[in-house]
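**Student:** Got a structure for you, written out below as structure tokens; questions coming shortly.
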Amino acid sequence: MTSHLLVRTGTLIPVPGGKRIEELFGCVHSRSDEFSLARMTAPPGWTEPAQTPEFDELTILLAGRLLCEIDGERVEVAAGENLWVRRGHTVRYGNPYDEPAEYFALCWPAFTLGRARRAEG
């Protein structure tokens with residue numbers, strides 16, 4: 001194993017709904033299972049199914065806003081704010097606002113669809 005990994009560009013992950021995911025570190029781009037880091041852009045009106053992940057997730061909001069539902073509680077996250085959702089809690093991320101939301105998502109261990117445990121639909 002080398003002493004470092006320099007990432008100049010990430011890998012775009014195709015997802016429905018117009019959301020843009022660029023993975024910088026993780027299972028897809030760097031073949032690392034320890035953590036994942038992705039830059040996200042969520043368009044206005046975007047939402048995703050609820051999930052009860054087997055990873056912790058830190059959201060670092062750069063621009064716009066997100067509305068997150070965590071165990072039934074609605075939490076609005078604005079640019080410059082950060083949100084940590086601990087593994088095992090049900091969360092649903094969405095952007096019901098008029099402007100795009102740009103943020104980084106850091107997951108540990110790394111994000112995988114299997115670990116996300118998304119609800120059907």
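Quick note on naming: the chains in the structure tokens go A, B, ... in the order shown, residues restart at 1 in each chain, and ligands are numbered from 1 in order of appearance.
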Residues within 12 Å of range 71-84 of chain A, please, as a VMD selection string. Count only C-alpha atoms; anything in the same chain fewer than 4 positions from it doesn't count.
**Tutor:** chain A and resid 50 to 52 55 to 67 88 to 97 99 to 108
**Student:** Selected residues, N, CA and C atoms, written as an mmCIF file, in the first residue's frame, please.
**Tutor:**
data_model
loop_
_atom_site.group_PDB
_atom_site.id
_atom_site.type_symbol
_atom_site.label_atom_id
_atom_site.label_comp_id
_atom_site.auth_asym_id
_atom_site.auth_seq_id
_atom_site.Cartn_x
_atom_site.Cartn_y
_atom_site.Cartn_z
ATOM 1 N N ALA A 50 -36.261 7.064 2.228
ATOM 2 C CA ALA A 50 -35.706 6.956 3.580
ATOM 3 C C ALA A 50 -34.735 5.781 3.635
ATOM 4 N N GLN A 51 -33.760 5.897 4.523
ATOM 5 C CA GLN A 51 -32.794 4.819 4.723
ATOM 6 C C GLN A 51 -32.465 4.719 6.204
ATOM 7 N N THR A 52 -32.054 3.551 6.613
ATOM 8 C CA THR A 52 -31.583 3.316 7.983
ATOM 9 C C THR A 52 -30.184 2.730 7.850
ATOM 10 N N PHE A 55 -23.926 3.083 8.516
ATOM 11 C CA PHE A 55 -22.762 3.963 8.565
ATOM 12 C C PHE A 55 -23.177 5.296 9.174
ATOM 13 N N ASP A 56 -22.220 5.998 9.749
ATOM 14 C CA ASP A 56 -22.442 7.373 10.179
ATOM 15 C C ASP A 56 -22.298 8.255 8.945
ATOM 16 N N GLU A 57 -23.029 9.371 8.901
ATOM 17 C CA GLU A 57 -22.925 10.281 7.763
ATOM 18 C C GLU A 57 -22.845 11.718 8.245
ATOM 19 N N LEU A 58 -21.813 12.394 7.797
ATOM 20 C CA LEU A 58 -21.612 13.807 8.086
ATOM 21 C C LEU A 58 -21.901 14.589 6.813
ATOM 22 N N THR A 59 -22.837 15.530 6.881
ATOM 23 C CA THR A 59 -23.196 16.387 5.756
ATOM 24 C C THR A 59 -22.644 17.776 6.023
ATOM 25 N N ILE A 60 -21.853 18.291 5.088
ATOM 26 C CA ILE A 60 -21.225 19.615 5.196
ATOM 27 C C ILE A 60 -21.820 20.462 4.079
ATOM 28 N N LEU A 61 -22.753 21.346 4.429
ATOM 29 C CA LEU A 61 -23.502 22.097 3.422
ATOM 30 C C LEU A 61 -22.744 23.347 2.993
ATOM 31 N N LEU A 62 -22.464 23.427 1.699
ATOM 32 C CA LEU A 62 -21.715 24.552 1.132
ATOM 33 C C LEU A 62 -22.634 25.653 0.630
ATOM 34 N N ALA A 63 -23.763 25.286 -0.002
ATOM 35 C CA ALA A 63 -24.694 26.263 -0.580
ATOM 36 C C ALA A 63 -26.096 25.679 -0.575
ATOM 37 N N GLY A 64 -27.090 26.542 -0.452
ATOM 38 C CA GLY A 64 -28.481 26.103 -0.465
ATOM 39 C C GLY A 64 -28.906 25.563 0.883
ATOM 40 N N ARG A 65 -29.951 24.728 0.854
ATOM 41 C CA ARG A 65 -30.506 24.132 2.072
ATOM 42 C C ARG A 65 -30.941 22.705 1.776
ATOM 43 N N LEU A 66 -30.974 21.895 2.816
ATOM 44 C CA LEU A 66 -31.533 20.549 2.767
ATOM 45 C C LEU A 66 -32.562 20.414 3.874
ATOM 46 N N LEU A 67 -33.580 19.620 3.622
ATOM 47 C CA LEU A 67 -34.530 19.251 4.656
ATOM 48 C C LEU A 67 -34.331 17.771 4.923
ATOM 49 N N GLY A 88 -27.869 3.631 12.093
ATOM 50 C CA GLY A 88 -28.995 2.983 12.758
ATOM 51 C C GLY A 88 -30.228 3.856 12.911
ATOM 52 N N HIS A 89 -30.148 5.123 12.538
ATOM 53 C CA HIS A 89 -31.302 6.018 12.612
ATOM 54 C C HIS A 89 -31.871 6.208 11.212
ATOM 55 N N THR A 90 -33.187 6.281 11.116
ATOM 56 C CA THR A 90 -33.841 6.432 9.821
ATOM 57 C C THR A 90 -33.779 7.887 9.389
ATOM 58 N N VAL A 91 -33.268 8.107 8.173
ATOM 59 C CA VAL A 91 -33.081 9.468 7.656
ATOM 60 C C VAL A 91 -33.544 9.528 6.206
ATOM 61 N N ARG A 92 -34.108 10.681 5.862
ATOM 62 C CA ARG A 92 -34.485 10.954 4.471
ATOM 63 C C ARG A 92 -34.009 12.356 4.141
ATOM 64 N N TYR A 93 -33.202 12.465 3.076
ATOM 65 C CA TYR A 93 -32.659 13.743 2.637
ATOM 66 C C TYR A 93 -33.497 14.272 1.480
ATOM 67 N N GLY A 94 -33.701 15.592 1.445
ATOM 68 C CA GLY A 94 -34.429 16.187 0.342
ATOM 69 C C GLY A 94 -34.118 17.668 0.204
ATOM 70 N N ASN A 95 -34.444 18.196 -0.963
ATOM 71 C CA ASN A 95 -34.281 19.625 -1.242
ATOM 72 C C ASN A 95 -35.591 20.156 -1.824
ATOM 73 N N PRO A 96 -36.533 20.565 -0.954
ATOM 74 C CA PRO A 96 -37.796 21.094 -1.443
ATOM 75 C C PRO A 96 -37.716 22.583 -1.796
ATOM 76 N N TYR A 97 -36.542 23.145 -1.773
ATOM 77 C CA TYR A 97 -36.355 24.587 -1.936
ATOM 78 C C TYR A 97 -36.113 24.958 -3.403
ATOM 79 N N GLU A 99 -33.547 26.617 -4.786
ATOM 80 C CA GLU A 99 -32.169 26.662 -5.271
ATOM 81 C C GLU A 99 -31.484 25.316 -5.034
ATOM 82 N N PRO A 100 -30.473 24.997 -5.839
ATOM 83 C CA PRO A 100 -29.738 23.743 -5.631
ATOM 84 C C PRO A 100 -29.017 23.749 -4.275
ATOM 85 N N ALA A 101 -28.789 22.578 -3.760
ATOM 86 C CA ALA A 101 -27.998 22.413 -2.539
ATOM 87 C C ALA A 101 -26.691 21.736 -2.925
ATOM 88 N N GLU A 102 -25.573 22.308 -2.476
ATOM 89 C CA GLU A 102 -24.256 21.719 -2.722
ATOM 90 C C GLU A 102 -23.642 21.354 -1.382
ATOM 91 N N TYR A 103 -23.138 20.121 -1.301
ATOM 92 C CA TYR A 103 -22.604 19.659 -0.024
ATOM 93 C C TYR A 103 -21.646 18.498 -0.216
ATOM 94 N N PHE A 104 -20.887 18.235 0.828
ATOM 95 C CA PHE A 104 -20.057 17.044 0.906
ATOM 96 C C PHE A 104 -20.743 16.065 1.845
ATOM 97 N N ALA A 105 -20.681 14.783 1.520
ATOM 98 C CA ALA A 105 -21.164 13.722 2.394
ATOM 99 C C ALA A 105 -19.985 12.808 2.718
ATOM 100 N N LEU A 106 -19.712 12.663 4.006
ATOM 101 C CA LEU A 106 -18.654 11.794 4.495
ATOM 102 C C LEU A 106 -19.315 10.653 5.259
ATOM 103 N N CYS A 107 -19.081 9.415 4.825
ATOM 104 C CA CYS A 107 -19.673 8.240 5.468
ATOM 105 C C CYS A 107 -18.576 7.325 5.973
ATOM 106 N N TRP A 108 -18.781 6.771 7.169
ATOM 107 C CA TRP A 108 -17.843 5.778 7.683
ATOM 108 C C TRP A 108 -18.606 4.705 8.418
#
**Student:** Quick one: pick out all strand (DSSP E) residues within chain A from a backbone DSSP run and write them as a ChimeraX atom specification.
**Tutor:** /A:11-13,20-25,36-42,46-47,56-63,65-70,73-78,82-85,91-95,101-108
**Student:** To one decimal place, how far is CA of Pro44 in chain A from CA of Arg20 in chain A in Å?
**Tutor:**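 That distance, rounded to one decimal, is 12.2 Å.
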**Student:** Could you give me, as an MDAnalysis selection string, the residues within 10 Å of Leu24 in chain A, counting only C-alpha atoms and dropping anything in the same chain fewer than 5 positions from it?
**Tutor:** chainID A and resid 6:12 29:30 36:39 104
**Student:** Could the residues in this selection be written to a file with C-alpha atoms, as an mmCIF file, in the first residue's frame?
**Tutor:**
data_model
loop_
_atom_site.group_PDB
_atom_site.id
_atom_site.type_symbol
_atom_site.label_atom_id
_atom_site.label_comp_id
_atom_site.auth_asym_id
_atom_site.auth_seq_id
_atom_site.Cartn_x
_atom_site.Cartn_y
_atom_site.Cartn_z
ATOM 1 C CA LEU A 6 -3.856 12.241 -4.629
ATOM 2 C CA VAL A 7 -7.304 12.724 -6.145
ATOM 3 C CA ARG A 8 -7.671 15.366 -8.843
ATOM 4 C CA THR A 9 -11.119 14.328 -10.061
ATOM 5 C CA GLY A 10 -13.750 11.984 -8.746
ATOM 6 C CA THR A 11 -16.044 9.407 -10.262
ATOM 7 C CA LEU A 12 -19.561 10.478 -11.215
ATOM 8 C CA HIS A 29 -13.370 5.662 -6.833
ATOM 9 C CA SER A 30 -10.521 4.740 -4.489
ATOM 10 C CA SER A 36 -16.359 7.601 1.563
ATOM 11 C CA LEU A 37 -16.382 11.278 0.635
ATOM 12 C CA ALA A 38 -18.550 12.631 -2.157
ATOM 13 C CA ARG A 39 -19.445 16.077 -3.445
ATOM 14 C CA PHE A 104 -20.057 17.044 0.906
#
